[in-house]
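Content type compact mmCIF, C-alpha atoms and all ligand atoms, from the file start.txt:
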# COMPACT_ATOMS: atom_id res chain seq x y z
CA MET A 97 207.97 209.21 7.79
CA PRO A 98 209.42 211.82 5.39
CA SER A 99 209.13 210.93 1.71
CA VAL A 100 212.39 210.14 -0.06
CA ASN A 101 210.93 211.05 -3.46
CA VAL A 102 211.57 214.49 -4.86
CA THR A 103 208.94 216.10 -7.08
CA PRO A 104 210.81 216.96 -10.32
CA ALA A 105 208.90 220.23 -10.84
CA ALA A 106 209.79 221.44 -7.36
CA ARG A 107 213.46 220.54 -7.56
CA PRO A 108 215.78 223.44 -8.41
CA THR A 109 218.32 222.51 -11.09
CA LEU A 110 221.47 224.20 -12.34
CA GLU A 111 219.53 225.58 -15.34
CA ASP A 112 217.30 227.48 -12.91
CA MET A 113 220.26 229.41 -11.61
CA PRO A 114 221.10 232.60 -13.46
CA ASP A 115 224.48 232.83 -11.76
CA LEU A 116 226.72 230.11 -10.47
CA SER A 117 227.63 231.73 -7.23
CA LEU A 118 228.57 229.14 -4.63
CA ALA A 119 225.87 230.63 -2.41
CA ALA A 120 223.20 229.90 -5.05
CA VAL A 121 224.48 226.36 -5.58
CA VAL A 122 224.47 225.67 -1.84
CA ARG A 123 221.01 227.24 -1.45
CA ALA A 124 219.59 225.08 -4.26
CA ALA A 125 221.23 222.00 -2.73
CA ALA A 126 219.72 222.77 0.67
CA GLU A 127 216.27 223.24 -0.88
CA ARG A 128 216.52 219.89 -2.64
CA LEU A 129 217.66 218.12 0.51
CA ALA A 130 214.86 219.74 2.52
CA LEU A 131 212.31 218.46 0.00
CA SER A 132 213.74 214.96 0.49
CA GLY A 133 213.30 215.14 4.26
CA VAL A 134 217.00 215.39 5.14
CA PRO A 135 217.06 216.62 8.78
CA ASP A 136 219.78 219.32 8.50
CA PRO A 137 219.65 220.31 4.84
CA LEU A 138 221.86 223.42 4.96
CA VAL A 139 224.55 221.70 7.02
CA ASP A 140 224.62 218.76 4.61
CA ALA A 141 224.61 221.06 1.57
CA GLU A 142 227.62 222.95 2.93
CA LEU A 143 229.44 219.75 3.82
CA LEU A 144 228.80 218.24 0.37
CA ALA A 145 229.98 221.43 -1.34
CA GLY A 146 233.04 221.24 0.89
CA HIS A 147 233.60 217.63 -0.11
CA ALA A 148 233.43 218.53 -3.80
CA LEU A 149 235.80 221.48 -3.37
CA GLY A 150 238.17 219.90 -0.81
CA ALA A 151 237.21 222.60 1.71
CA ARG A 152 235.99 222.64 5.29
CA ARG A 153 232.44 223.71 6.09
CA GLY A 154 233.66 227.00 7.57
CA GLU A 155 235.55 227.75 4.36
CA ILE A 156 232.40 227.11 2.32
CA GLN A 157 230.42 229.46 4.57
CA ALA A 158 233.10 232.14 4.16
CA ALA A 159 233.13 231.65 0.38
CA THR A 160 229.35 232.08 0.17
CA VAL A 161 229.56 235.31 2.19
CA ARG A 162 232.34 236.59 -0.13
CA GLY A 163 230.20 235.79 -3.17
CA ASP A 164 232.69 233.31 -4.67
CA ARG A 165 231.64 231.79 -7.97
CA VAL A 166 232.06 228.20 -9.14
CA ASP A 167 232.31 226.83 -12.68
CA ALA A 168 229.65 224.54 -14.14
CA ALA A 169 231.75 221.40 -13.61
CA VAL A 170 232.02 222.06 -9.88
CA ALA A 171 228.32 222.89 -9.64
CA GLU A 172 227.51 219.61 -11.40
CA ALA A 173 229.81 217.68 -9.08
CA ILE A 174 228.03 219.18 -6.08
CA GLU A 175 224.66 218.38 -7.63
CA ALA A 176 225.68 214.75 -8.14
CA LEU A 177 226.61 214.43 -4.46
CA VAL A 178 223.38 216.15 -3.45
CA ALA A 179 221.36 213.70 -5.58
CA ARG A 180 222.85 210.81 -3.58
CA ARG A 181 222.07 212.51 -0.29
CA ALA A 182 218.53 213.33 -1.50
CA ALA A 183 218.09 209.55 -1.97
CA ARG A 184 218.94 209.41 1.76
CA GLU A 185 222.36 207.80 1.38
CA PRO A 186 224.16 208.67 4.64
CA LEU A 187 226.30 211.79 4.41
CA GLN A 188 229.23 209.83 5.82
CA HIS A 189 229.00 207.21 3.03
CA ILE A 190 229.15 209.98 0.45
CA THR A 191 232.09 211.80 2.00
CA GLY A 192 233.68 208.49 3.07
CA VAL A 193 234.46 209.72 6.58
CA ALA A 194 232.74 209.92 9.95
CA PRO A 195 234.03 212.13 12.77
CA PHE A 196 234.33 210.46 16.17
CA ARG A 197 235.83 212.37 19.10
CA HIS A 198 239.23 213.49 17.74
CA LEU A 199 239.21 210.83 15.00
CA GLU A 200 238.11 210.69 11.37
CA LEU A 201 237.06 207.17 10.46
CA ALA A 202 236.75 205.73 6.98
CA VAL A 203 233.22 204.37 6.52
CA GLY A 204 231.04 203.10 3.69
CA PRO A 205 228.75 200.26 2.70
CA GLY A 206 228.84 197.33 5.12
CA VAL A 207 229.77 199.20 8.30
CA PHE A 208 227.72 200.97 10.97
CA VAL A 209 228.33 204.73 10.92
CA PRO A 210 229.55 205.75 14.40
CA ARG A 211 227.12 208.08 16.19
CA PRO A 212 227.70 211.17 18.36
CA GLU A 213 225.95 209.46 21.33
CA THR A 214 228.68 206.83 21.41
CA GLU A 215 231.29 209.56 21.88
CA THR A 216 229.97 210.11 25.40
CA VAL A 217 229.52 206.40 26.15
CA VAL A 218 233.16 205.65 25.40
CA GLN A 219 234.19 208.19 28.06
CA PHE A 220 233.19 205.70 30.80
CA ALA A 221 235.68 203.19 29.39
CA ILE A 222 238.43 205.78 28.91
CA ASP A 223 238.01 207.07 32.48
CA ALA A 224 238.19 203.52 33.86
CA LEU A 225 241.36 202.77 31.88
CA LEU A 226 242.93 206.04 33.05
CA ALA A 227 241.97 205.29 36.67
CA SER A 228 243.42 201.77 36.56
CA ALA A 229 246.56 201.20 38.62
CA GLU A 230 247.85 198.68 36.07
CA THR A 231 250.81 199.67 33.89
CA GLU A 232 249.06 198.39 30.79
CA PRO A 233 245.32 198.17 31.51
CA VAL A 234 243.35 196.03 29.06
CA GLY A 235 240.28 197.45 27.30
CA ILE A 236 238.10 195.30 25.05
CA ASP A 237 235.56 196.55 22.48
CA LEU A 238 233.11 193.84 21.38
CA GLY A 239 231.34 194.50 18.05
CA THR A 240 233.75 197.23 16.97
CA GLY A 241 232.22 198.14 13.59
CA SER A 242 234.45 200.85 12.11
CA GLY A 243 236.75 200.53 15.13
CA ALA A 244 235.54 203.82 16.63
CA ILE A 245 235.38 202.85 20.32
CA ALA A 246 238.55 200.76 20.24
CA LEU A 247 240.48 203.52 18.49
CA ALA A 248 239.28 206.15 20.96
CA MET A 249 240.50 203.97 23.86
CA ALA A 250 243.81 203.12 22.18
CA THR A 251 244.68 206.68 21.20
CA GLU A 252 243.38 208.47 24.30
CA VAL A 253 244.91 205.96 26.72
CA PRO A 254 248.15 205.12 24.92
CA HIS A 255 249.48 202.99 27.78
CA ALA A 256 246.43 200.69 27.52
CA ARG A 257 246.33 197.51 25.48
CA VAL A 258 243.13 197.49 23.46
CA PHE A 259 241.42 194.53 21.79
CA ALA A 260 238.51 194.67 19.37
CA ALA A 261 236.31 191.96 17.84
CA GLU A 262 233.98 192.24 14.86
CA LEU A 263 231.98 189.40 13.29
CA SER A 264 230.98 190.92 9.95
CA PRO A 265 233.76 190.51 7.33
CA ASP A 266 232.66 193.76 5.64
CA ALA A 267 232.77 195.81 8.83
CA TYR A 268 236.02 194.12 9.83
CA ALA A 269 237.62 195.33 6.58
CA TRP A 270 236.73 198.96 7.47
CA ALA A 271 237.99 198.50 11.04
CA ARG A 272 241.20 197.01 9.72
CA ARG A 273 241.75 200.02 7.49
CA ASN A 274 241.03 202.45 10.36
CA THR A 275 243.21 200.68 12.93
CA GLU A 276 246.21 199.94 10.73
CA GLY A 277 249.45 200.97 12.42
CA VAL A 278 247.89 201.50 15.86
CA GLU A 279 250.35 199.42 17.83
CA ASN A 280 248.42 199.02 21.10
CA LEU A 281 245.28 197.76 19.31
CA THR A 282 244.59 194.13 18.29
CA LEU A 283 241.64 193.47 15.97
CA VAL A 284 240.06 190.09 15.24
CA ASN A 285 237.31 188.97 12.86
CA GLU A 286 235.46 186.77 15.36
CA ASP A 287 232.20 186.32 17.22
CA LEU A 288 232.18 188.32 20.46
CA ALA A 289 230.84 185.24 22.23
CA HIS A 290 234.22 183.51 21.83
CA ALA A 291 236.84 186.17 21.10
CA PHE A 292 239.93 186.70 23.27
CA ARG A 293 239.71 183.57 25.47
CA GLU A 294 243.41 184.17 26.24
CA LEU A 295 242.48 187.43 28.01
CA ASP A 296 240.00 185.87 30.46
CA GLY A 297 240.30 187.43 33.92
CA THR A 298 242.63 190.24 32.76
CA ALA A 299 240.52 193.09 31.36
CA SER A 300 239.86 196.35 33.22
CA VAL A 301 237.06 197.34 30.85
CA VAL A 302 234.75 195.59 28.40
CA ILE A 303 232.69 197.98 26.31
CA SER A 304 230.14 197.35 23.59
CA ASN A 305 227.67 199.26 21.48
CA PRO A 306 225.84 196.10 20.43
CA PRO A 307 222.92 195.63 18.07
CA TYR A 308 219.97 196.43 20.34
CA VAL A 309 216.96 197.24 18.14
CA PRO A 310 214.05 194.80 18.67
CA ASP A 311 213.54 192.81 15.45
CA ALA A 312 210.06 194.27 14.87
CA ALA A 313 211.10 197.91 15.49
CA VAL A 314 212.33 198.79 12.00
CA PRO A 315 214.02 202.22 12.14
CA ARG A 316 212.19 205.12 10.45
CA ASP A 317 215.21 206.96 9.04
CA PRO A 318 216.09 205.64 5.57
CA GLU A 319 219.80 206.21 6.32
CA VAL A 320 219.57 203.65 9.13
CA ARG A 321 216.99 201.26 7.65
CA LEU A 322 218.58 201.03 4.20
CA PHE A 323 222.29 201.55 4.86
CA ASP A 324 223.28 200.34 8.35
CA PRO A 325 223.90 196.57 8.23
CA SER A 326 221.21 194.39 9.86
CA LEU A 327 223.83 192.66 11.98
CA ALA A 328 224.65 196.05 13.50
CA LEU A 329 221.04 196.90 14.31
CA TYR A 330 218.83 194.02 15.35
CA GLY A 331 219.13 192.17 18.66
CA GLY A 332 216.26 189.68 18.67
CA GLU A 333 212.69 189.95 19.93
CA ASP A 334 213.41 192.40 22.79
CA GLY A 335 216.65 193.68 21.26
CA LEU A 336 218.70 192.29 24.13
CA ASP A 337 219.94 188.93 22.77
CA VAL A 338 223.49 190.21 22.30
CA VAL A 339 223.41 192.02 25.66
CA ARG A 340 222.77 188.66 27.38
CA VAL A 341 225.78 187.16 25.60
CA LEU A 342 227.89 190.20 26.50
CA SER A 343 226.94 189.98 30.16
CA ALA A 344 228.09 186.35 30.37
CA ARG A 345 231.24 186.84 28.30
CA ALA A 346 232.37 190.05 30.02
CA LEU A 347 232.17 188.35 33.43
CA GLU A 348 234.82 185.95 32.11
CA LEU A 349 236.99 188.60 30.46
CA LEU A 350 237.14 191.12 33.31
CA ARG A 351 239.35 191.00 36.36
CA PRO A 352 237.57 191.40 39.73
CA GLY A 353 236.33 195.01 39.99
CA GLY A 354 236.49 195.46 36.20
CA LEU A 355 233.85 197.55 34.43
CA ILE A 356 231.33 196.65 31.73
CA VAL A 357 229.97 199.52 29.62
CA LEU A 358 226.95 198.86 27.40
CA GLU A 359 225.33 201.35 25.05
CA HIS A 360 221.59 200.82 24.53
CA GLY A 361 218.27 202.35 23.51
CA GLU A 362 216.60 204.93 25.75
CA LEU A 363 213.96 202.49 27.02
CA GLN A 364 216.27 199.55 27.77
CA GLY A 365 218.14 200.71 30.89
CA GLU A 366 215.95 198.93 33.43
CA ALA A 367 215.87 195.62 31.50
CA ILE A 368 219.66 195.68 31.13
CA ARG A 369 220.23 196.45 34.82
CA THR A 370 218.00 193.47 35.61
CA ILE A 371 219.97 191.15 33.29
CA LEU A 372 223.29 192.30 34.74
CA THR A 373 222.17 192.08 38.36
CA GLN A 374 220.70 188.58 37.85
CA ASP A 375 224.02 187.51 36.30
CA GLY A 376 225.85 188.67 39.45
CA TRP A 377 227.17 192.10 38.42
CA ARG A 378 227.50 194.80 41.12
CA ALA A 379 226.31 198.41 41.12
CA ALA A 380 224.51 198.38 37.78
CA ALA A 381 223.77 201.99 36.88
CA THR A 382 222.21 203.64 33.84
CA HIS A 383 223.51 206.96 32.49
CA ARG A 384 221.94 209.63 30.29
CA ASP A 385 223.38 211.14 27.13
CA LEU A 386 223.56 214.87 26.34
CA THR A 387 219.90 214.87 25.30
CA LEU A 388 218.97 213.45 28.74
CA ARG A 389 217.99 210.04 27.35
CA ASP A 390 219.12 206.83 29.02
CA ARG A 391 221.98 205.71 26.81
CA ALA A 392 224.47 203.50 28.67
CA THR A 393 224.57 201.08 31.58
CA THR A 394 227.70 200.23 33.56
CA ALA A 395 228.36 197.59 36.22
CA HIS A 396 231.33 196.09 38.08
CA ARG A 397 232.48 192.50 38.14
CA PRO A 398 232.40 191.21 41.72
C1 LIG B 1 225.67 199.08 16.65
S1 LIG B 1 227.08 198.51 15.80
C2 LIG B 1 228.35 199.38 16.69
C3 LIG B 1 229.64 199.52 15.94
C4 LIG B 1 230.69 200.38 16.68
N1 LIG B 1 231.07 199.77 17.93
C5 LIG B 1 230.15 201.78 16.92
O1 LIG B 1 229.78 202.09 18.08
O2 LIG B 1 230.12 202.58 15.97
C6 LIG B 1 227.24 196.83 16.39
C7 LIG B 1 228.41 196.07 15.78
O3 LIG B 1 228.47 194.75 16.37
C8 LIG B 1 228.75 193.81 15.36
N2 LIG B 1 228.28 192.50 15.82
C9 LIG B 1 227.00 192.06 15.91
N3 LIG B 1 226.97 190.82 16.42
C10 LIG B 1 228.26 190.46 16.67
C11 LIG B 1 228.89 189.29 17.19
N4 LIG B 1 228.16 188.23 17.57
N5 LIG B 1 230.23 189.28 17.32
C12 LIG B 1 230.97 190.36 16.94
N6 LIG B 1 230.44 191.48 16.42
C13 LIG B 1 229.11 191.54 16.29
C14 LIG B 1 228.03 194.35 14.14
O4 LIG B 1 228.52 193.80 12.95
C15 LIG B 1 228.31 195.85 14.28
O5 LIG B 1 229.51 196.20 13.66
Could you quickly redo this structure as structure tokens?
Amino acid sequence: MPSVNVTPAARPTLEDMPDLSLAAVVRAAAERLALSGVPDPLVDAELLAGHALGARRGEIQAATVRGDRVDAAVAEAIEALVARRAAREPLQHITGVAPFRHLELAVGPGVFVPRPETETVVQFAIDALLASAETEPVGIDLGTGSGAIALAMATEVPHARVFAAELSPDAYAWARRNTEGVENLTLVNEDLAHAFRELDGTASVVISNPPYVPDAAVPRDPEVRLFDPSLALYGGEDGLDVVRVLSARALELLRPGGLIVLEHGELQGEAIRTILTQDGWRAAATHRDLTLRDRATTAHRP
């Protein structure tokens, strides 16, 4: 596991920099982040400089090529952000936003940061809603976190009615902020085991990116281990406790032929297909993500 401690002697500081060109500030930031084990130090350095300056990453890259200079106050502001990232606080907590498909979601302490892998998983749900013959197909996101999946469905399939449940009050507050004003989306602060009884038998799609990490498999990345909420990560001894609940509950929520979409870890596809098939689901199939790892399993309600 990469160390999160930075050796003071090795860490470049503003005093080490003879000039305050933006390029030098970004280079020093990237060096510091690299020493802290941050996976993409230059990308994060550019994004943090952009956050401090209110500029996009491409604008920061252009400014470094031009040789733009920054004053000491700006350099210090960037250094303060970099110090937080060097302590392995997630980039998205520092900037306050996480990109997800065409969306920018507000995120921070108490909510799971949406991941790029989920962007491809949600496509199964969007395709099923678009293919539905119903005038207002119903899509349900169970364990919505920041609201990412629900918002993608609601905005990309505007004729759908979307429902989202989140148990954690902290995560619910972020989802509420992100979904405010989205008229075809209903959000509740409830346990997914009981939410939306009134929709039983009506949904075209139930999707979830549930907590699926086995309790003993503590994640290595400090960003995940220290900042993602436990309720978002851990799913019991084999990681599949919530999946079992979802299988039972989605059978009640879906109309005949409706689709369940479950995101999961790369080694869990077979176990999840077994759970679904034993519960009576049809055509359980596991799908890979862009890195060719098993990432999602779908099945149809008989
Ligand atoms: C892995 S996170 C996924 C969040 C979001 N759907 C995403 O993909 O970014 C799992 C979410 O499920 C929520 N959760 C866990 N158990 C739940 C339950 N019993 N009922 C409702 N939500 C639950 C967690 O609080 C967390 O927000």
Pull the closest atom pair for each residue of chain A that gets at most 8 Å from ligand LIG 1 (chain B), along with the distance in Å to one decimal, counting only C-alpha atoms and all ligand atoms, ordering rows by chain and then ascending residue number, as CSV.
residue,atom,partner,partner_atom,distance
A:Val207,CA,B:LIG1,O5,6.1
A:Phe208,CA,B:LIG1,S1,5.5
A:Val209,CA,B:LIG1,O2,5.8
A:Pro210,CA,B:LIG1,O2,3.6
A:Arg211,CA,B:LIG1,O2,6.3
A:Thr214,CA,B:LIG1,O1,5.9
A:Asp237,CA,B:LIG1,N1,7.2
A:Leu238,CA,B:LIG1,C12,6.0
A:Gly239,CA,B:LIG1,O3,3.3
A:Thr240,CA,B:LIG1,N1,3.8
A:Gly241,CA,B:LIG1,O5,3.3
A:Ser242,CA,B:LIG1,C4,5.9
A:Gly243,CA,B:LIG1,C4,6.3
A:Ala244,CA,B:LIG1,O2,5.6
A:Ile245,CA,B:LIG1,N1,5.8
A:Ala246,CA,B:LIG1,N1,7.9
A:Ala261,CA,B:LIG1,C12,5.6
A:Glu262,CA,B:LIG1,N6,3.9
A:Leu263,CA,B:LIG1,C12,3.9
A:Ser264,CA,B:LIG1,O4,4.8
A:Ala267,CA,B:LIG1,O5,5.8
A:Tyr268,CA,B:LIG1,O5,7.8
A:Asn285,CA,B:LIG1,C12,7.7
A:Glu286,CA,B:LIG1,C12,6.0
A:Asp287,CA,B:LIG1,N5,3.6
A:Leu288,CA,B:LIG1,N5,3.8
A:Ala289,CA,B:LIG1,N4,6.2
A:Ser304,CA,B:LIG1,N1,6.2
A:Asn305,CA,B:LIG1,C2,4.8
A:Pro306,CA,B:LIG1,C6,4.3
A:Pro307,CA,B:LIG1,C1,4.6
A:Tyr308,CA,B:LIG1,C1,7.3
A:Pro325,CA,B:LIG1,O4,7.2
A:Ser326,CA,B:LIG1,O4,8.0
A:Leu327,CA,B:LIG1,O4,4.9
A:Ala328,CA,B:LIG1,C15,3.7
A:Leu329,CA,B:LIG1,C1,5.6
A:Val338,CA,B:LIG1,N3,6.9
Contacts of Ile371 of chain A at 12 Å (all atoms listed in the file; same-chain gap of 4+ positions) as a PyMOL selection string: chain A and resi 336-344+358+364-367+375-378+380+393-395
With only C-alpha atoms as the counted atoms, please give the residues lying no more than 9 Å from Leu199 of chain A, apart from itself and same-chain residues fewer than 4 positions off, as a PyMOL selection string. chain A and resi 194-195+244+247-248
Given 8 Å on each side, where is the centre and what are the edge lengths in Å to one decimal of the axis-aligned box enclosing the listed atoms of segment 183-187 of chain A, as AutoDock Vina command-line options?
--center_x 222.2 --center_y 209.8 --center_z 1.3 --size_x 24.2 --size_y 20.0 --size_z 22.6
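The shortest atom-to-atom distance to Val218 of chain A, with all atoms listed in the file taken into account, belongs to A:Met249 out of A:Met249, A:Val284, A:Leu201, A:Val122.
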Mind pulling up the distance from atom CA of Ala392 of chain A to atom CA of Pro233 of chain A?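 For atom CA of Pro233 of chain A relative to atom CA of Ala392 of chain A, the distance reads 21.7 Å.
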What's the 7 Å shell around Thr282 of chain A, counting all atoms listed in the file, without same-chain residues fewer than 4 positions away, as a short mmCIF file (atom, residue, chain, number, x, y, z; two decimals) with C-alpha atoms, in the frame of the given file?
data_model
loop_
_atom_site.label_atom_id
_atom_site.label_comp_id
_atom_site.auth_asym_id
_atom_site.auth_seq_id
_atom_site.Cartn_x
_atom_site.Cartn_y
_atom_site.Cartn_z
CA VAL A 258 243.13 197.49 23.46
CA PHE A 259 241.42 194.53 21.79
CA ALA A 260 238.51 194.67 19.37
#
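Atom CA of Arg351 of chain A is found 4.9 Å from atom CA of Thr298 of chain A.
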By how many Å are atom CA of Ile190 of chain A and atom CA of Thr275 of chain A apart?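 Result for atom CA of Ile190 of chain A versus atom CA of Thr275 of chain A: 21.0 Å, one decimal.
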Which residue of A:Leu187, A:Ala169, A:Ala224, A:Ala313 approaches Gly361 of chain A most closely, using all atoms listed in the file: A:Ala313
Which residue of A:Arg128, A:Leu138, A:Leu116, A:Ala148 approaches Arg165 of chain A most closely, using all atoms listed in the file: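 So, comparing all the options, the nearest one is A:Leu116.
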